[in-house]
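Trainee: Below is the file query34.cif, with mmCIF, C-alpha atoms (C1' of nucleotides).
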```
data_run
#
loop_
_atom_site.label_atom_id
_atom_site.label_comp_id
_atom_site.auth_asym_id
_atom_site.auth_seq_id
_atom_site.Cartn_x
_atom_site.Cartn_y
_atom_site.Cartn_z
CA MET R 1228 93.66 89.33 98.80
CA ASP R 1229 97.06 87.98 97.78
CA ASN R 1230 99.61 87.75 100.51
CA GLN R 1231 97.29 86.81 103.27
CA ASP R 1232 97.45 83.25 104.41
CA TRP R 1233 95.29 81.13 102.29
CA ASN R 1234 93.83 78.07 103.81
CA LYS R 1235 91.27 75.68 102.53
CA GLN R 1236 88.50 77.12 104.65
CA ARG R 1237 89.09 80.52 103.13
CA VAL R 1238 89.14 79.07 99.64
CA LEU R 1239 85.84 77.40 100.37
CA GLU R 1240 84.29 80.68 101.41
CA THR R 1241 85.72 82.44 98.41
CA LEU R 1242 84.19 79.91 96.09
CA ARG R 1243 80.85 80.06 97.81
CA ASP R 1244 80.87 83.85 97.69
CA ALA R 1245 81.51 83.66 93.96
CA GLY R 1246 78.57 81.33 93.48
CA VAL R 1247 80.68 78.26 92.85
CA ASN R 1248 79.70 75.08 94.61
CA PRO R 1249 82.78 74.34 96.73
CA THR R 1250 83.47 70.68 96.12
CA SER R 1251 86.63 69.21 97.54
CA GLN R 1252 88.34 69.13 94.15
CA ARG R 1253 87.51 72.75 93.52
CA VAL R 1254 88.81 73.74 96.92
CA GLU R 1255 92.05 71.88 96.25
CA ILE R 1256 92.48 73.52 92.88
CA GLY R 1257 91.57 76.91 94.27
CA TYR R 1258 94.01 76.47 97.10
CA ALA R 1259 96.85 75.53 94.76
CA LEU R 1260 96.02 78.52 92.62
CA PHE R 1261 95.44 81.20 95.21
CA SER R 1262 98.21 80.27 97.58
CA SER R 1263 100.73 80.51 94.79
CA CYS R 1264 101.59 83.96 93.62
CA ALA R 1265 102.73 82.59 90.28
CA HIS R 1266 101.25 82.29 86.86
CA LEU R 1267 100.58 78.62 86.46
CA SER R 1268 99.49 76.49 83.56
CA ALA R 1269 96.76 73.91 83.95
CA GLU R 1270 99.42 71.23 83.91
CA GLU R 1271 101.37 72.84 86.72
CA ILE R 1272 98.28 73.28 88.81
CA MET R 1273 97.43 69.63 88.40
CA GLN R 1274 100.93 68.63 89.42
CA ARG R 1275 100.71 70.70 92.56
CA VAL R 1276 97.33 69.41 93.54
CA ASN R 1277 98.32 65.82 92.89
CA ALA R 1278 101.82 66.13 94.34
CA ASP R 1279 101.29 63.61 97.12
CA TYR R 1280 98.56 61.38 95.75
CA PRO R 1281 95.94 61.64 93.02
CA VAL R 1282 93.27 64.17 93.90
CA VAL R 1283 91.91 65.45 90.62
CA SER R 1284 91.83 64.35 87.03
CA LYS R 1285 92.97 66.42 84.12
CA ALA R 1286 89.41 66.92 82.90
CA THR R 1287 88.39 68.31 86.25
CA VAL R 1288 91.33 70.69 86.33
CA TYR R 1289 90.34 72.15 82.99
CA ASN R 1290 86.66 72.27 83.80
CA THR R 1291 87.32 73.88 87.13
CA LEU R 1292 89.69 76.50 85.79
CA GLY R 1293 87.15 77.37 83.12
CA LEU R 1294 84.50 77.65 85.79
CA PHE R 1295 86.72 79.85 87.93
CA ALA R 1296 87.40 82.07 84.95
CA ASP R 1297 83.67 82.42 84.27
CA HIS R 1298 83.22 83.58 87.83
CA SER R 1299 86.20 85.94 87.69
CA LEU R 1300 88.15 83.99 90.24
CA VAL R 1301 91.10 83.73 87.90
CA ARG R 1302 92.25 85.51 84.82
CA GLU R 1303 93.36 83.62 81.77
CA VAL R 1304 96.48 85.06 80.20
CA ILE R 1305 97.41 83.96 76.72
CA VAL R 1306 100.88 84.73 75.46
CA GLU R 1307 101.83 81.76 73.36
CA PRO R 1308 99.73 79.69 71.06
CA GLY R 1309 98.51 76.67 72.92
CA LYS R 1310 99.47 77.90 76.34
CA VAL R 1311 97.18 79.48 78.88
CA PHE R 1312 98.39 80.85 82.16
CA TYR R 1313 96.02 81.21 85.07
CA ASP R 1314 96.57 84.31 87.12
CA PRO R 1315 95.02 84.36 90.58
CA ASN R 1316 95.35 88.12 90.60
CA VAL R 1317 92.18 89.38 88.97
CA SER R 1318 92.65 93.02 89.79
CA MET R 1319 93.72 95.43 87.09
CA HIS R 1320 97.33 94.87 86.10
CA HIS R 1321 99.48 93.94 83.14
CA HIS R 1322 102.30 91.57 82.27
CA PHE R 1323 105.83 91.22 81.13
CA TYR R 1324 106.42 88.10 79.13
CA HIS R 1325 109.98 86.81 78.99
CA VAL R 1326 110.11 85.15 75.61
CA ASP R 1327 113.35 83.32 76.34
CA THR R 1328 112.23 81.72 79.55
CA GLY R 1329 108.47 81.55 79.04
CA GLN R 1330 107.91 83.33 82.37
CA LEU R 1331 105.16 85.83 83.04
CA GLN R 1332 105.72 88.70 85.45
CA ASP R 1333 103.21 91.16 86.81
CA ILE R 1334 103.24 94.83 86.03
CA PRO R 1335 101.31 96.69 88.72
CA ALA R 1336 98.49 98.80 87.33
CA SER R 1337 100.19 101.89 88.68
CA SER R 1338 103.37 101.36 86.62
CA LEU R 1339 101.67 101.54 83.29
CA GLN R 1340 99.20 104.16 82.34
CA ILE R 1341 97.07 104.30 79.28
CA SER R 1342 96.18 107.91 78.74
CA LYS R 1343 94.04 107.56 75.68
CA LEU R 1344 91.68 104.79 74.73
CA PRO R 1345 90.09 104.45 71.31
CA ASP R 1346 86.36 104.75 70.76
CA ILE R 1347 84.68 101.44 71.30
CA PRO R 1348 82.77 100.03 68.33
CA ALA R 1349 78.98 100.32 68.52
CA GLU R 1350 77.01 97.62 70.30
CA THR R 1351 80.05 96.34 72.14
CA GLU R 1352 81.51 96.76 75.57
CA VAL R 1353 84.96 96.23 76.96
CA GLU R 1354 85.54 92.92 78.65
CA ASN R 1355 89.12 93.73 79.52
CA VAL R 1356 92.25 95.47 78.42
CA GLU R 1357 95.37 93.34 78.22
CA VAL R 1358 98.81 94.80 77.93
CA VAL R 1359 101.66 92.38 77.40
CA ILE R 1360 105.20 93.65 77.09
CA ARG R 1361 107.34 91.01 75.47
CA LEU R 1362 110.92 91.02 76.71
CA ARG R 1363 113.95 89.27 75.42
CA GLN R 1364 117.40 88.78 76.85
CA ARG R 1365 119.55 91.75 76.01
CA VAL R 1366 122.66 90.84 74.10
CA ALA R 1367 125.91 92.75 74.26
CA HIS R 1368 125.94 95.45 71.59
CA MET U 825 103.22 99.74 52.71
CA ASP U 826 99.60 98.62 53.02
CA ASN U 827 97.22 99.98 50.48
CA GLN U 828 99.62 100.15 47.62
CA ASP U 829 99.11 97.58 44.94
CA TRP U 830 100.89 94.45 45.84
CA ASN U 831 102.07 92.26 43.05
CA LYS U 832 104.27 89.23 43.11
CA GLN U 833 107.31 91.10 41.88
CA ARG U 834 107.03 93.48 44.76
CA VAL U 835 106.60 90.62 47.22
CA LEU U 836 109.73 89.05 45.82
CA GLU U 837 111.71 92.21 46.39
CA THR U 838 110.30 92.58 49.87
CA LEU U 839 111.38 89.10 50.78
CA ARG U 840 114.82 89.60 49.31
CA ASP U 841 115.23 92.87 51.17
CA ALA U 842 114.36 91.10 54.38
CA GLY U 843 116.98 88.44 53.72
CA VAL U 844 114.49 85.70 52.90
CA ASN U 845 115.21 83.55 49.88
CA PRO U 846 112.19 84.27 47.66
CA THR U 847 111.05 80.85 46.52
CA SER U 848 107.82 80.62 44.58
CA GLN U 849 105.90 79.23 47.55
CA ARG U 850 107.12 82.03 49.78
CA VAL U 851 106.15 84.62 47.22
CA GLU U 852 102.67 83.13 46.95
CA ILE U 853 102.24 83.09 50.71
CA GLY U 854 103.63 86.59 51.00
CA TYR U 855 101.31 87.80 48.30
CA ALA U 856 98.24 86.29 49.95
CA LEU U 857 99.29 87.83 53.23
CA PHE U 858 100.33 91.31 52.17
CA SER U 859 97.59 91.93 49.64
CA SER U 860 94.96 91.18 52.25
CA CYS U 861 94.42 93.79 54.88
CA ALA U 862 92.92 91.22 57.20
CA HIS U 863 94.16 89.18 60.12
CA LEU U 864 94.40 85.69 58.77
CA SER U 865 95.06 82.35 60.37
CA ALA U 866 97.52 79.91 58.84
CA GLU U 867 94.57 77.87 57.65
CA GLU U 868 92.97 80.84 55.88
CA ILE U 869 96.22 81.78 54.22
CA MET U 870 96.62 78.26 52.90
CA GLN U 871 93.09 78.30 51.55
CA ARG U 872 93.72 81.53 49.71
CA VAL U 873 97.00 80.41 48.24
CA ASN U 874 95.56 77.09 47.17
CA ALA U 875 92.21 78.47 46.02
CA ASP U 876 92.61 77.47 42.38
CA TYR U 877 94.98 74.54 42.58
CA PRO U 878 97.43 73.13 45.14
CA VAL U 879 100.43 75.41 45.53
CA VAL U 880 101.72 74.87 49.05
CA SER U 881 101.46 72.26 51.73
CA LYS U 882 100.40 72.93 55.26
CA ALA U 883 103.91 72.34 56.56
CA THR U 884 105.29 74.95 54.22
CA VAL U 885 102.66 77.47 55.23
CA TYR U 886 103.61 77.10 58.88
CA ASN U 887 107.32 77.09 58.21
CA THR U 888 107.05 80.12 55.98
CA LEU U 889 104.92 82.12 58.36
CA GLY U 890 107.38 81.36 61.12
CA LEU U 891 110.20 82.48 58.88
CA PHE U 892 108.38 85.68 58.01
CA ALA U 893 107.78 86.38 61.66
CA ASP U 894 111.47 85.89 62.41
CA HIS U 895 112.26 88.48 59.78
CA SER U 896 109.57 90.89 60.99
CA LEU U 897 107.55 90.58 57.84
CA VAL U 898 104.45 89.67 59.80
CA ARG U 899 103.36 89.99 63.35
CA GLU U 900 101.88 87.08 65.20
CA VAL U 901 98.88 88.02 67.28
CA ILE U 902 97.69 85.57 69.86
CA VAL U 903 94.30 86.08 71.41
CA GLU U 904 92.93 82.62 71.97
CA PRO U 905 94.72 79.50 72.99
CA GLY U 906 95.57 77.53 69.90
CA LYS U 907 94.88 80.29 67.44
CA VAL U 908 97.48 82.57 65.89
CA PHE U 909 96.59 85.43 63.61
CA TYR U 910 99.14 86.76 61.17
CA ASP U 911 99.03 90.50 60.78
CA PRO U 912 100.77 91.93 57.72
CA ASN U 913 100.84 95.30 59.42
CA VAL U 914 104.05 95.29 61.42
CA SER U 915 103.99 98.95 62.34
CA MET U 916 103.07 100.00 65.85
CA HIS U 917 99.38 99.47 66.51
CA HIS U 918 97.01 97.56 68.74
CA HIS U 919 93.93 95.38 68.50
CA PHE U 920 90.34 94.96 69.41
CA TYR U 921 89.32 91.37 69.76
CA HIS U 922 85.64 90.58 69.38
CA VAL U 923 85.22 87.59 71.62
CA ASP U 924 81.82 86.68 70.19
CA THR U 925 82.88 86.62 66.58
CA GLY U 926 86.57 85.81 66.88
CA GLN U 927 87.44 88.82 64.72
CA LEU U 928 90.47 91.02 65.22
CA GLN U 929 90.31 94.71 64.41
CA ASP U 930 93.14 97.20 64.26
CA ILE U 931 93.48 100.08 66.66
CA PRO U 932 95.68 102.74 65.07
CA ALA U 933 98.68 103.65 67.18
CA SER U 934 97.36 107.19 67.43
CA SER U 935 94.08 106.15 69.09
CA LEU U 936 95.68 104.59 72.10
CA GLN U 937 98.40 106.21 74.08
CA ILE U 938 100.45 104.70 76.80
CA SER U 939 101.72 107.55 78.91
CA LYS U 940 103.73 105.60 81.39
CA LEU U 941 105.74 102.46 80.92
CA PRO U 942 107.20 100.42 83.75
CA ASP U 943 110.91 100.03 84.27
CA ILE U 944 112.23 97.16 82.22
CA PRO U 945 113.89 94.35 84.15
CA ALA U 946 117.69 94.28 83.99
CA GLU U 947 119.37 92.49 81.11
CA THR U 948 116.26 92.54 78.98
CA GLU U 949 114.94 94.65 76.18
CA VAL U 950 111.45 95.18 74.82
CA GLU U 951 110.55 93.10 71.83
CA ASN U 952 107.11 94.61 71.56
CA VAL U 953 104.18 95.99 73.44
CA GLU U 954 100.85 94.37 72.73
CA VAL U 955 97.58 95.88 73.75
CA VAL U 956 94.48 93.81 73.17
CA ILE U 957 91.09 95.18 74.10
CA ARG U 958 88.61 92.37 74.39
CA LEU U 959 85.11 93.37 73.36
CA ARG U 960 81.85 91.57 73.78
CA GLN U 961 78.42 92.19 72.35
CA ARG U 962 76.57 94.66 74.49
CA VAL U 963 73.33 93.30 75.88
CA ALA U 964 70.32 95.42 76.78
CA HIS U 965 70.46 96.45 80.40
"C1'" DC L 944 65.68 59.81 93.45
"C1'" DT L 945 67.40 63.76 90.93
"C1'" DC L 946 70.91 66.88 89.97
"C1'" DT L 947 75.66 67.91 90.01
"C1'" DT L 948 80.30 66.62 89.62
"C1'" DT L 949 84.01 63.59 88.50
"C1'" DG L 950 87.24 60.65 85.82
"C1'" DC L 951 88.65 57.97 82.16
"C1'" DA L 952 89.68 57.51 77.71
"C1'" DA L 953 88.88 59.01 73.25
"C1'" DA L 954 88.45 62.87 70.22
"C1'" DG L 955 89.82 67.29 68.58
"C1'" DG L 956 92.37 71.15 66.51
"C1'" DA L 957 96.50 73.62 65.65
"C1'" DT L 958 101.14 73.25 64.96
"C1'" DT L 959 105.62 70.75 64.53
"C1'" DT L 960 108.63 67.28 63.04
"C1'" DG L 961 111.15 63.39 60.50
"C1'" DC L 962 112.59 62.22 56.45
"C1'" DA L 963 112.78 61.31 51.63
"C1'" DA L 964 112.36 63.67 47.27
"C1'" DG L 965 112.92 68.03 44.49
"C1'" DC L 966 115.46 72.37 43.27
"C1'" DT L 967 119.32 75.40 42.74
"C1'" DT L 968 123.90 76.27 41.88
"C1'" DA G 1007 127.57 66.87 44.75
"C1'" DA G 1008 126.08 70.23 48.55
"C1'" DG G 1009 122.67 72.82 50.60
"C1'" DC G 1010 118.35 74.72 50.97
"C1'" DT G 1011 113.29 73.86 50.40
"C1'" DT G 1012 109.22 71.22 50.05
"C1'" DG G 1013 105.47 67.87 51.10
"C1'" DC G 1014 103.51 64.05 53.14
"C1'" DA G 1015 102.22 61.76 57.01
"C1'" DA G 1016 102.89 60.87 61.58
"C1'" DA G 1017 103.58 62.82 65.90
"C1'" DT G 1018 102.89 66.13 69.58
"C1'" DC G 1019 100.81 69.34 72.60
"C1'" DC G 1020 97.08 71.26 74.94
"C1'" DT G 1021 92.35 71.16 75.62
"C1'" DT G 1022 87.57 69.44 75.16
"C1'" DT G 1023 84.04 66.00 75.10
"C1'" DG G 1024 81.06 61.71 75.82
"C1'" DC G 1025 79.47 59.02 78.96
"C1'" DA G 1026 79.04 56.10 82.84
"C1'" DA G 1027 79.93 55.99 87.73
"C1'" DA G 1028 80.20 58.53 92.21
"C1'" DG G 1029 78.58 61.99 95.39
"C1'" DA G 1030 75.36 65.42 97.48
"C1'" DG G 1031 70.94 66.90 99.16
#
```
Starting from the file, lay out its structure as structure tokens.
Mentor:
Amino acid sequence: MDNQDWNKQRVLETLRDAGVNPTSQRVEIGYALFSSCAHLSAEEIMQRVNADYPVVSKATVYNTLGLFADHSLVREVIVEPGKVFYDPNVSMHHHFYHVDTGQLQDIPASSLQISKLPDIPAETEVENVEVVIRLRQRVAH
Amino acid sequence: MDNQDWNKQRVLETLRDAGVNPTSQRVEIGYALFSSCAHLSAEEIMQRVNADYPVVSKATVYNTLGLFADHSLVREVIVEPGKVFYDPNVSMHHHFYHVDTGQLQDIPASSLQISKLPDIPAETEVENVEVVIRLRQRVAH
DNA sequence: CTCTTTGCAAAGGATTTGCAAGCTT
DNA sequence: AAGCTTGCAAATCCTTTGCAAAGAG
């Protein structure tokens, strides 16, 4: 799902399978997102899509990313106030956050195990479990 | 540290111990924060402090909360873009986040155990480990 | 023709910042 | 006087929204 070659045809099919009408803008945004293995902000995605010439507006980028998130095509990761990262990897995994550089880094699900979960409050269900390990540059001691 | 009776004298000493110059505004903000066992936003803290008459400005609330965070007097919890909660409980614990209501709820450290942590990237050290379990209202199935 | 999608620009909310005035010593 | 602290208002950043025009079936 990740390292395979993404092309726009495949993005189109992915969107359709997820029940998202595959308009050209959505395919472009999906392609920028899926073919990168990075954690991008909305701004960065827009820059990539519009690198050569204007393809999508800011409003469409935000609307589309929200739509993708609703359909579980991306995962929104929030580590700083006012900054959302979009992670094309929606399978179970966690993140390192480098506070000095602002970079996010994946932690494979297998490298972190939660052995005990609390009881879930009545009438609710788990939407997801987010683990973020905040890292800072180590200074000489 | 939590349920004991907080009074302004004790806040003052706490600030001084943490190396924060205990001005009257900072004591008021600290008192509002520590004597509540809730997860408050900057806005809510300002409302509490200024409930009777104006005591602090918005700028000072933000500056002070940032200062407290730098000195580990509060923990910033980020669950939604553009919304920071300030948690007076700085000891190890985790959170439920009720997506429908926007409420944060503590998970005691003892109710959630992480049995395996990933290797930490070179030259870095862990600042903290945040676990947020996102909950939504359960619908009849 | 009707419904969906897009884009622009304006609005919005949370937080930060510049700078002059106020305290403290 | 020197340095830290405060408050106001303006600025900034990211995101959302209103609405009219464009596109699809």
Trainee: Interatomic distance between atom CA of U:Pro942 and atom CA of R:Val1301?
Mentor: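 Interatomic distance here is 23.6 Å.
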Trainee: If chain R is superposed onto chain U by least squares using every Cα atom in order, what is the RMSD, in Å to one decimal?
Mentor: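 C-alpha RMSD after optimal superposition stands at 0.2 Å.
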Trainee: Pick out the residues sitting within 12 Å of stretch 1308-1313 of chain R, and hand them over as a ChimeraX atom specification; count all atoms listed in the file, and ignore anything fewer than 3 positions along from it in its own chain.
Mentor: /R:1256-1257,1259-1261,1263-1272,1288-1289,1291-1293,1295-1296,1299-1305,1316-1317,1322,1324,1329-1332 /U:865,900-909 /L:956-958 /G:1018-1021
Trainee: Find the nearest atom pair between each residue of chain R and chain L for residues within 8 Å, count all atoms listed in the file, give distances in Å to one decimal, sort rows by chain and ascending number, and present the table as CSV.
Mentor:
```
residue,atom,partner,partner_atom,distance
R:Ser1284,CA,L:DG950,C1',6.0
R:Ala1286,CA,L:DG950,C1',7.2
R:Thr1287,CA,L:DT949,C1',6.8
```
Trainee: The PyMOL selection byres ((chain R) within 7 of (chain U)) on the file shown: which residues, as a VMD selection string?
Mentor: chain R and resid 1305 to 1311 1338 to 1345 1350 to 1365
Trainee: Got a sec to pull out which chain G residues are within 10 Å of chain U, counting only C-alpha atoms (C1' of nucleotides), and send them as a PyMOL selection string?
Mentor: chain G and resi 1010-1014+1020-1021
Trainee: What does the distance from atom CA of U:Met870 to atom C1' of G:DG1009 come to in Å, to one decimal?
Mentor: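 Atom CA of U:Met870 sits 26.7 Å away from atom C1' of G:DG1009.
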Trainee: Using the block above, I'd like stretch 1335-1365 of chain R written out, keeping N, CA and C atoms and formatting it as a PDB file, in the first residue's frame.
Mentor:
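Result file follows (selection.pdb):
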```
ATOM      1  N   PRO R1335       6.715   2.011  13.800  1.00  0.00           N
ATOM      2  CA  PRO R1335       5.908   0.872  13.362  1.00  0.00           C
ATOM      3  C   PRO R1335       5.109   0.313  14.536  1.00  0.00           C
ATOM      4  N   ALA R1336       3.943  -0.190  14.252  1.00  0.00           N
ATOM      5  CA  ALA R1336       3.081  -0.724  15.312  1.00  0.00           C
ATOM      6  C   ALA R1336       3.815  -1.771  16.139  1.00  0.00           C
ATOM      7  N   SER R1337       4.694  -2.521  15.458  1.00  0.00           N
ATOM      8  CA  SER R1337       5.347  -3.625  16.157  1.00  0.00           C
ATOM      9  C   SER R1337       6.409  -3.158  17.154  1.00  0.00           C
ATOM     10  N   SER R1338       6.848  -1.908  17.062  1.00  0.00           N
ATOM     11  CA  SER R1338       7.908  -1.431  17.961  1.00  0.00           C
ATOM     12  C   SER R1338       7.389  -0.857  19.268  1.00  0.00           C
ATOM     13  N   LEU R1339       6.090  -0.750  19.350  1.00  0.00           N
ATOM     14  CA  LEU R1339       5.538  -0.175  20.566  1.00  0.00           C
ATOM     15  C   LEU R1339       4.311  -0.976  20.945  1.00  0.00           C
ATOM     16  N   GLN R1340       4.352  -1.544  22.109  1.00  0.00           N
ATOM     17  CA  GLN R1340       3.199  -2.353  22.487  1.00  0.00           C
ATOM     18  C   GLN R1340       2.535  -1.820  23.733  1.00  0.00           C
ATOM     19  N   ILE R1341       1.246  -1.704  23.642  1.00  0.00           N
ATOM     20  CA  ILE R1341       0.460  -1.294  24.797  1.00  0.00           C
ATOM     21  C   ILE R1341      -0.139  -2.568  25.370  1.00  0.00           C
ATOM     22  N   SER R1342       0.251  -2.882  26.590  1.00  0.00           N
ATOM     23  CA  SER R1342      -0.148  -4.170  27.142  1.00  0.00           C
ATOM     24  C   SER R1342      -1.411  -4.057  27.977  1.00  0.00           C
ATOM     25  N   LYS R1343      -1.774  -2.859  28.318  1.00  0.00           N
ATOM     26  CA  LYS R1343      -2.949  -2.716  29.164  1.00  0.00           C
ATOM     27  C   LYS R1343      -3.676  -1.447  28.769  1.00  0.00           C
ATOM     28  N   LEU R1344      -4.933  -1.595  28.449  1.00  0.00           N
ATOM     29  CA  LEU R1344      -5.733  -0.433  28.097  1.00  0.00           C
ATOM     30  C   LEU R1344      -6.755  -0.192  29.194  1.00  0.00           C
ATOM     31  N   PRO R1345      -7.094   1.046  29.443  1.00  0.00           N
ATOM     32  CA  PRO R1345      -8.080   1.321  30.491  1.00  0.00           C
ATOM     33  C   PRO R1345      -9.480   0.909  30.036  1.00  0.00           C
ATOM     34  N   ASP R1346     -10.387   0.795  30.988  1.00  0.00           N
ATOM     35  CA  ASP R1346     -11.781   0.575  30.629  1.00  0.00           C
ATOM     36  C   ASP R1346     -12.289   1.807  29.904  1.00  0.00           C
ATOM     37  N   ILE R1347     -13.097   1.563  28.905  1.00  0.00           N
ATOM     38  CA  ILE R1347     -13.636   2.668  28.118  1.00  0.00           C
ATOM     39  C   ILE R1347     -14.920   3.168  28.783  1.00  0.00           C
ATOM     40  N   PRO R1348     -15.074   4.459  28.909  1.00  0.00           N
ATOM     41  CA  PRO R1348     -16.297   4.994  29.513  1.00  0.00           C
ATOM     42  C   PRO R1348     -17.554   4.488  28.809  1.00  0.00           C
ATOM     43  N   ALA R1349     -18.627   4.371  29.564  1.00  0.00           N
ATOM     44  CA  ALA R1349     -19.892   3.852  29.021  1.00  0.00           C
ATOM     45  C   ALA R1349     -20.362   4.687  27.834  1.00  0.00           C
ATOM     46  N   GLU R1350     -21.045   4.039  26.931  1.00  0.00           N
ATOM     47  CA  GLU R1350     -21.680   4.724  25.800  1.00  0.00           C
ATOM     48  C   GLU R1350     -20.685   5.292  24.789  1.00  0.00           C
ATOM     49  N   THR R1351     -19.426   4.921  24.940  1.00  0.00           N
ATOM     50  CA  THR R1351     -18.459   5.442  23.973  1.00  0.00           C
ATOM     51  C   THR R1351     -17.712   4.282  23.337  1.00  0.00           C
ATOM     52  N   GLU R1352     -17.083   4.583  22.232  1.00  0.00           N
ATOM     53  CA  GLU R1352     -16.229   3.595  21.591  1.00  0.00           C
ATOM     54  C   GLU R1352     -14.969   4.277  21.113  1.00  0.00           C
ATOM     55  N   VAL R1353     -13.924   3.468  20.964  1.00  0.00           N
ATOM     56  CA  VAL R1353     -12.629   4.021  20.604  1.00  0.00           C
ATOM     57  C   VAL R1353     -12.586   4.369  19.129  1.00  0.00           C
ATOM     58  N   GLU R1354     -12.215   5.582  18.838  1.00  0.00           N
ATOM     59  CA  GLU R1354     -12.031   5.975  17.450  1.00  0.00           C
ATOM     60  C   GLU R1354     -10.600   5.671  17.035  1.00  0.00           C
ATOM     61  N   ASN R1355      -9.644   6.072  17.860  1.00  0.00           N
ATOM     62  CA  ASN R1355      -8.283   5.603  17.655  1.00  0.00           C
ATOM     63  C   ASN R1355      -7.422   5.859  18.883  1.00  0.00           C
ATOM     64  N   VAL R1356      -6.263   5.244  18.855  1.00  0.00           N
ATOM     65  CA  VAL R1356      -5.312   5.411  19.941  1.00  0.00           C
ATOM     66  C   VAL R1356      -4.046   6.016  19.346  1.00  0.00           C
ATOM     67  N   GLU R1357      -3.694   7.170  19.835  1.00  0.00           N
ATOM     68  CA  GLU R1357      -2.558   7.922  19.312  1.00  0.00           C
ATOM     69  C   GLU R1357      -1.441   7.918  20.325  1.00  0.00           C
ATOM     70  N   VAL R1358      -0.290   7.453  19.937  1.00  0.00           N
ATOM     71  CA  VAL R1358       0.864   7.602  20.817  1.00  0.00           C
ATOM     72  C   VAL R1358       1.874   8.519  20.129  1.00  0.00           C
ATOM     73  N   VAL R1359       2.242   9.569  20.799  1.00  0.00           N
ATOM     74  CA  VAL R1359       3.260  10.467  20.270  1.00  0.00           C
ATOM     75  C   VAL R1359       4.386  10.555  21.286  1.00  0.00           C
ATOM     76  N   ILE R1360       5.570  10.208  20.834  1.00  0.00           N
ATOM     77  CA  ILE R1360       6.746  10.337  21.697  1.00  0.00           C
ATOM     78  C   ILE R1360       7.488  11.590  21.256  1.00  0.00           C
ATOM     79  N   ARG R1361       7.523  12.543  22.137  1.00  0.00           N
ATOM     80  CA  ARG R1361       8.183  13.805  21.830  1.00  0.00           C
ATOM     81  C   ARG R1361       9.663  13.676  22.116  1.00  0.00           C
ATOM     82  N   LEU R1362      10.485  14.012  21.129  1.00  0.00           N
ATOM     83  CA  LEU R1362      11.933  13.894  21.285  1.00  0.00           C
ATOM     84  C   LEU R1362      12.591  15.250  21.171  1.00  0.00           C
ATOM     85  N   ARG R1363      13.601  15.432  21.963  1.00  0.00           N
ATOM     86  CA  ARG R1363      14.397  16.655  21.756  1.00  0.00           C
ATOM     87  C   ARG R1363      15.852  16.278  21.589  1.00  0.00           C
ATOM     88  N   GLN R1364      16.581  17.202  20.985  1.00  0.00           N
ATOM     89  CA  GLN R1364      18.009  17.031  20.769  1.00  0.00           C
ATOM     90  C   GLN R1364      18.683  16.755  22.110  1.00  0.00           C
ATOM     91  N   ARG R1365      19.499  15.751  22.145  1.00  0.00           N
ATOM     92  CA  ARG R1365      20.207  15.487  23.392  1.00  0.00           C
ATOM     93  C   ARG R1365      21.408  16.409  23.488  1.00  0.00           C
TER      94      ARG R1365
END
```
